[in-house]
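Okay, structure first, notes after.
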Amino acid sequence: MSRWIWTGAKLALVAALCGGSGGCATLYVDNALGDTPLSAYHRPATPKPVQTLFVFKTKGVDNVRATTVTRKDVLDTVQQSGLFSAIGPDPVPDGAVLSITVDNVPITSPQEAAAKGFATGLTLGLAGSEVTDGYVCTIEYIPATGANKISVTEHHAIHATIGAHSAPANATRAPTMQEGVKIMLHQVVAAGLKDVSSDPAFDQ
Amino acid sequence: MLALAAVALSGCATLKLGDHQPALDTLVALRESGIAALSVGEFKLGSGLSPDLDKHQSSRGNPIYPPAGSTFSGYLRDSLISDLKAAGKFDLASPWSIQAQLTENNLSTGMSSGELALGANFQVIRSGSVVFEKHILQSDSWDSSFVGAIAIPQAMNHYGQAYNSLLSKLYADADFRAACSAKPK
């Protein structure tokens, strides 16, 4: 139940302050980034195994609970990319390491989200609210021990409307909060992996 | 799901720390530290301290537990092992062994600020002799909020990160590196 509380605290906060009126919140995944087709990856002729690290942060601070619950979704995206022959937490013979960090950063501040949620709750949903959670994904790849690091950054966002509020422009409605976060993670990690694989140093 | 979250946030909840995840900076630092592979001995509460220090922590009345029902000193040990394994520096048969005693485990989630202190006495034993001994303390403070739904997860995150920061201080310690150096003296 609490799985997504910590990944989208501000979104949950709005729901809490709007009175917990079930069904009043709707999530939208921003369309700016979109999906990365499998054909967009620059796959090496002979993919190598890689040690894979993942950390979810909230405003730059490690969020170990969110890391634990989102880890599988992120690693599934790495696996599906086909860029590596195997992924896992243990070191690999040539020392290759892939590190993925997703940081949940403020776009609508927590204080502003609280005020909006409170106002929506106070008016029983007639005064709708919209809040946005931003996500910055940093992917770093060290092809082998001692090699230079490849580093890329991607941005994504999830919007939430509470009460009587129109849908945000350029965003796709998510069936559930869980699904919305999953889609966001897949899109932002896939876009980062595509850029990493485009670096000439990736396949050396 | 948001409505469920609202219910969860409106009352007391039990908060469980997630499993420690090694960071790239830590992994690279350990790889380049020149230390030998290490084994990990006993981690426990410092002598004379209240057992509560090792078993109970909370944020505004919401109890925080380490994963798998272990103690906080056990969580520190598991985190250390996780880092060493990720860096290829863990070896049960190593002549070097690290042990530690938890000395500080304080978390405060105030209305305007939060703060914490996490500390431990670390020792490295080689062939029955103590070759390194140091108390390392990690302190942190941050802007908090009167709204529990903001303040509690924020405190939880800072508290979880304190374990990484404490261990990073150990790995960066020049005396620790010298005591565990793989190069013959």
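Residues are named by chain letter and number: chains run A, B, ... in the order of the structure tokens, numbers start at 1 in each chain, and ligands are numbered from 1 in the order shown.
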Just asking: which residues within chain B are helix (DSSP H, G or I) according to DSSP, as a VMD selection string? chain B and resid 2 to 10 24 to 31 52 to 55 67 to 69 72 to 86 148 to 172 174 to 179
Set the distance at 10 Å and use only C-alpha atoms: which residues neighbour Tyr41 (chain A) once local chain neighbours fewer than 3 positions away are removed? I'd like the list as a list in words. Thr36, Pro37, Leu38, Pro44, Ser81, Gly82, Leu83, Ala190, Ala191, Leu193, Lys194, Asp195, Val196, Ser197 and Ser198 of chain A
Written file, previous selection with C-alpha atoms, as an mmCIF file, in the first residue's frame:
data_model
loop_
_atom_site.group_PDB
_atom_site.id
_atom_site.type_symbol
_atom_site.label_atom_id
_atom_site.label_comp_id
_atom_site.auth_asym_id
_atom_site.auth_seq_id
_atom_site.Cartn_x
_atom_site.Cartn_y
_atom_site.Cartn_z
ATOM 1 C CA THR A 36 12.423 4.830 -26.909
ATOM 2 C CA PRO A 37 12.053 2.191 -29.627
ATOM 3 C CA LEU A 38 14.374 -0.805 -29.260
ATOM 4 C CA PRO A 44 27.388 -3.624 -29.521
ATOM 5 C CA SER A 81 17.588 -2.734 -23.927
ATOM 6 C CA GLY A 82 19.816 -5.620 -24.996
ATOM 7 C CA LEU A 83 22.911 -3.458 -24.459
ATOM 8 C CA ALA A 190 15.437 3.992 -21.700
ATOM 9 C CA ALA A 191 16.181 7.473 -23.066
ATOM 10 C CA LEU A 193 20.503 4.221 -22.053
ATOM 11 C CA LYS A 194 20.009 5.199 -25.682
ATOM 12 C CA ASP A 195 22.274 8.219 -25.196
ATOM 13 C CA VAL A 196 24.884 6.158 -23.343
ATOM 14 C CA SER A 197 24.915 3.621 -26.180
ATOM 15 C CA SER A 198 25.384 6.452 -28.699
#
